[in-house]
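Chemist: Structure file data-v2.tsv (TSV, C-alpha atoms) is given on the next line.
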```
chain	number	residue	atom	x	y	z
A	139	MET	CA	-5.93	-8.31	11.70
A	140	ASN	CA	-2.36	-9.09	12.65
A	141	LYS	CA	-2.11	-8.92	16.44
A	142	LYS	CA	1.60	-8.08	16.18
A	143	ILE	CA	0.88	-4.66	14.65
A	144	LYS	CA	-2.20	-3.83	16.75
A	145	THR	CA	-0.60	-1.47	19.22
A	146	GLU	CA	-1.46	1.87	20.73
A	147	ALA	CA	1.31	3.50	18.66
A	148	VAL	CA	-0.05	2.07	15.39
A	149	ASP	CA	-3.57	3.16	16.37
A	150	HIS	CA	-2.20	6.67	16.95
A	151	LEU	CA	-0.51	6.66	13.52
A	152	PHE	CA	-3.68	5.48	11.76
A	153	ASP	CA	-5.75	8.12	13.56
A	154	ALA	CA	-3.31	10.71	12.22
A	155	VAL	CA	-3.65	9.36	8.66
A	156	LEU	CA	-7.43	9.34	8.93
A	157	CYS	CA	-7.48	13.06	9.77
A	158	LEU	CA	-5.71	14.03	6.52
A	159	LYS	CA	-8.11	15.80	4.16
A	160	ASN	CA	-6.48	15.82	0.74
A	161	ARG	CA	-3.52	14.73	-1.37
A	162	GLU	CA	-1.42	17.79	-0.46
A	163	GLU	CA	-1.85	17.07	3.24
A	164	CYS	CA	-0.84	13.46	2.55
A	165	TYR	CA	2.30	14.64	0.75
A	166	SER	CA	3.23	16.90	3.66
A	167	PHE	CA	2.63	14.25	6.31
A	168	PHE	CA	4.21	11.30	4.51
A	169	GLU	CA	7.25	13.30	3.41
A	170	ASP	CA	7.84	14.10	7.07
A	171	LEU	CA	7.07	10.57	8.25
A	172	CYS	CA	8.87	8.46	5.66
A	173	THR	CA	12.16	8.51	3.84
A	174	VAL	CA	11.91	8.94	0.07
A	175	ASN	CA	12.79	5.25	-0.40
A	176	GLU	CA	10.14	4.11	2.10
A	177	LEU	CA	7.47	6.13	0.36
A	178	LEU	CA	8.55	4.92	-3.08
A	179	SER	CA	8.52	1.31	-1.83
A	180	LEU	CA	4.98	1.69	-0.49
A	181	SER	CA	3.77	3.26	-3.72
A	182	GLN	CA	5.51	0.54	-5.75
A	183	ARG	CA	3.72	-2.20	-3.77
A	184	PHE	CA	0.40	-0.46	-4.31
A	185	GLU	CA	1.09	-0.19	-8.06
A	186	VAL	CA	2.05	-3.89	-8.13
A	187	ALA	CA	-1.22	-4.80	-6.41
A	188	SER	CA	-3.20	-2.74	-8.91
A	189	MET	CA	-1.46	-4.38	-11.84
A	190	LEU	CA	-1.95	-7.87	-10.39
A	191	LYS	CA	-5.66	-7.14	-9.94
A	192	SER	CA	-5.86	-6.11	-13.59
A	193	GLY	CA	-4.32	-9.41	-14.70
A	194	LYS	CA	-0.80	-8.29	-15.60
A	195	THR	CA	1.98	-10.89	-15.54
A	196	TYR	CA	4.93	-10.80	-13.16
A	197	MET	CA	7.17	-9.95	-16.12
A	198	GLU	CA	4.98	-7.01	-17.19
A	199	ILE	CA	4.82	-5.74	-13.62
A	200	ALA	CA	8.57	-6.07	-13.06
A	201	GLU	CA	9.31	-4.22	-16.30
A	202	LYS	CA	6.90	-1.35	-15.58
A	203	THR	CA	7.51	-0.90	-11.84
A	204	GLY	CA	11.04	-2.18	-11.31
A	205	ALA	CA	9.72	-4.41	-8.52
A	206	SER	CA	11.53	-7.66	-7.86
A	207	THR	CA	9.69	-10.94	-8.35
A	208	ALA	CA	9.97	-11.41	-4.56
A	209	THR	CA	8.08	-8.15	-3.99
A	210	ILE	CA	5.48	-9.06	-6.61
A	211	SER	CA	5.05	-12.48	-5.02
A	212	ARG	CA	4.63	-10.96	-1.54
A	213	VAL	CA	1.99	-8.52	-2.79
A	214	ASN	CA	0.23	-11.35	-4.64
A	215	ARG	CA	0.18	-13.40	-1.43
A	216	SER	CA	-1.41	-10.45	0.40
A	217	LEU	CA	-4.02	-10.10	-2.34
A	218	ASN	CA	-4.89	-13.78	-2.16
A	219	TYR	CA	-4.47	-14.59	1.53
A	220	GLY	CA	-4.33	-11.24	3.33
A	221	ASN	CA	-6.95	-9.20	5.12
A	222	ASP	CA	-8.63	-7.83	1.96
A	223	GLY	CA	-7.22	-4.36	2.59
A	224	TYR	CA	-6.19	-3.90	-1.03
A	225	ASP	CA	-9.64	-4.98	-2.24
A	226	LEU	CA	-11.31	-2.57	0.19
A	227	VAL	CA	-9.28	0.37	-1.09
A	228	PHE	CA	-9.56	-0.57	-4.77
A	229	GLY	CA	-13.34	-0.91	-4.38
A	230	ARG	CA	-13.61	2.54	-2.85
A	231	MET	CA	-11.31	4.13	-5.42
A	232	ASN	CA	-13.39	2.75	-8.29
A	233	LYS	CA	-16.62	4.37	-7.05
```
Could you show the structure in this file as C-alpha coordinates?
Modeler:
Amino acid sequence: MNKKIKTEAVDHLFDAVLCLKNREECYSFFEDLCTVNELLSLSQRFEVASMLKSGKTYMEIAEKTGASTATISRVNRSLNYGNDGYDLVFGRMNK
(Lines of atoms letter the chains of each structure in order from A and count residues from 1; the text may use other names and numbers.)
(Lines give C-alpha, C1' and ligand atoms only; values in the text may rest on other atoms or scores of the structure.)
Protein backbone atom coordinates (compact mmCIF):
# COMPACT_ATOMS: atom_id res chain seq x y z
CA MET A 1 0.00 0.00 0.00
CA ASN A 2 1.24 3.46 -0.91
CA LYS A 3 1.84 5.34 2.33
CA LYS A 4 1.27 8.65 0.53
CA ILE A 5 -2.43 7.91 0.00
CA LYS A 6 -3.07 6.22 3.37
CA THR A 7 -4.76 9.10 5.14
CA GLU A 8 -7.79 9.53 7.33
CA ALA A 9 -9.56 11.34 4.49
CA VAL A 10 -8.93 8.49 2.03
CA ASP A 11 -10.08 5.97 4.65
CA HIS A 12 -13.29 8.00 5.03
CA LEU A 13 -13.83 8.01 1.24
CA PHE A 14 -13.28 4.25 0.98
CA ASP A 15 -15.66 3.62 3.88
CA ALA A 16 -18.26 5.62 1.95
CA VAL A 17 -17.68 3.56 -1.21
CA LEU A 18 -17.91 0.32 0.75
CA CYS A 19 -21.38 1.24 2.04
CA LEU A 20 -22.83 1.55 -1.49
CA LYS A 21 -25.22 -1.31 -2.22
CA ASN A 22 -25.80 -1.35 -5.96
CA ARG A 23 -24.92 0.18 -9.32
CA GLU A 24 -27.55 2.93 -9.05
CA GLU A 25 -26.14 4.04 -5.70
CA CYS A 26 -22.67 4.05 -7.28
CA TYR A 27 -23.93 6.24 -10.13
CA SER A 28 -25.49 8.70 -7.68
CA PHE A 29 -22.42 8.89 -5.45
CA PHE A 30 -19.77 9.03 -8.17
CA GLU A 31 -21.70 11.57 -10.24
CA ASP A 32 -21.71 13.81 -7.18
CA LEU A 33 -18.08 13.07 -6.29
CA CYS A 34 -16.40 13.20 -9.69
CA THR A 35 -16.54 15.33 -12.78
CA VAL A 36 -17.74 13.55 -15.92
CA ASN A 37 -14.15 13.52 -17.25
CA GLU A 38 -12.75 12.08 -14.01
CA LEU A 39 -15.29 9.28 -14.03
CA LEU A 40 -14.70 8.55 -17.72
CA SER A 41 -10.93 8.48 -17.12
CA LEU A 42 -11.32 5.99 -14.27
CA SER A 43 -13.59 3.77 -16.33
CA GLN A 44 -11.20 3.99 -19.29
CA ARG A 45 -8.27 2.82 -17.13
CA PHE A 46 -10.35 -0.07 -15.84
CA GLU A 47 -11.30 -1.05 -19.41
CA VAL A 48 -7.63 -0.83 -20.43
CA ALA A 49 -6.66 -3.12 -17.56
CA SER A 50 -9.33 -5.63 -18.56
CA MET A 51 -8.17 -5.63 -22.16
CA LEU A 52 -4.51 -6.00 -21.16
CA LYS A 53 -5.43 -8.97 -18.97
CA SER A 54 -7.18 -10.57 -21.94
CA GLY A 55 -4.05 -10.21 -24.08
CA LYS A 56 -5.04 -7.31 -26.32
CA THR A 57 -2.27 -5.24 -27.90
CA TYR A 58 -1.64 -1.57 -27.15
CA MET A 59 -2.89 -0.74 -30.65
CA GLU A 60 -6.15 -2.67 -30.17
CA ILE A 61 -6.69 -1.05 -26.79
CA ALA A 62 -5.96 2.46 -28.05
CA GLU A 63 -8.35 2.01 -30.97
CA LYS A 64 -11.20 0.65 -28.84
CA THR A 65 -10.85 2.89 -25.77
CA GLY A 66 -9.21 6.03 -27.09
CA ALA A 67 -6.58 5.72 -24.35
CA SER A 68 -3.13 7.08 -25.06
CA THR A 69 -0.17 4.71 -25.11
CA ALA A 70 1.07 6.53 -21.98
CA THR A 71 -2.16 5.62 -20.15
CA ILE A 72 -2.00 2.04 -21.40
CA SER A 73 1.63 1.80 -20.29
CA ARG A 74 0.80 3.19 -16.83
CA VAL A 75 -2.04 0.69 -16.37
CA ASN A 76 0.21 -2.13 -17.60
CA ARG A 77 2.85 -1.10 -15.04
CA SER A 78 0.20 -1.25 -12.30
CA LEU A 79 -0.90 -4.69 -13.46
CA ASN A 80 2.67 -5.98 -13.43
CA TYR A 81 4.23 -4.13 -10.49
CA GLY A 82 1.32 -2.69 -8.50
CA ASN A 83 -0.53 -3.91 -5.44
CA ASP A 84 -2.62 -6.54 -7.26
CA GLY A 85 -5.78 -4.46 -6.86
CA TYR A 86 -6.87 -5.04 -10.44
CA ASP A 87 -6.33 -8.80 -10.08
CA LEU A 88 -8.33 -8.84 -6.84
CA VAL A 89 -11.29 -7.12 -8.48
CA PHE A 90 -11.13 -9.12 -11.71
CA GLY A 91 -11.02 -12.35 -9.70
CA ARG A 92 -14.11 -11.38 -7.74
CA MET A 93 -15.99 -10.19 -10.82
CA ASN A 94 -15.38 -13.51 -12.59
CA LYS A 95 -16.98 -15.57 -9.80
Chemist: Which residue, A:Leu171, A:Ile210, A:Leu217, A:Ala200, has the smallest gap to Ala154 of chain A when you use only C-alpha atoms?
Modeler: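 Of all the options, A:Leu171 lies closest to Ala154 of chain A.
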Chemist: Mind giving me the straight-line distance from atom CA of Ile143 of chain A to atom CA of Gly220 of chain A in Å, one decimal?
Modeler: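 It comes out at 14.1 Å.
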Chemist: Report as a VMD selection string all protein, DNA and RNA residues lying within 9 Å of Ala187 of chain A, evaluated on all atoms listed in the file, omitting residues in the same chain fewer than 4 positions from it.
Modeler: chain A and resid 182 to 183 191 to 192 210 213 to 214 216 to 217 224
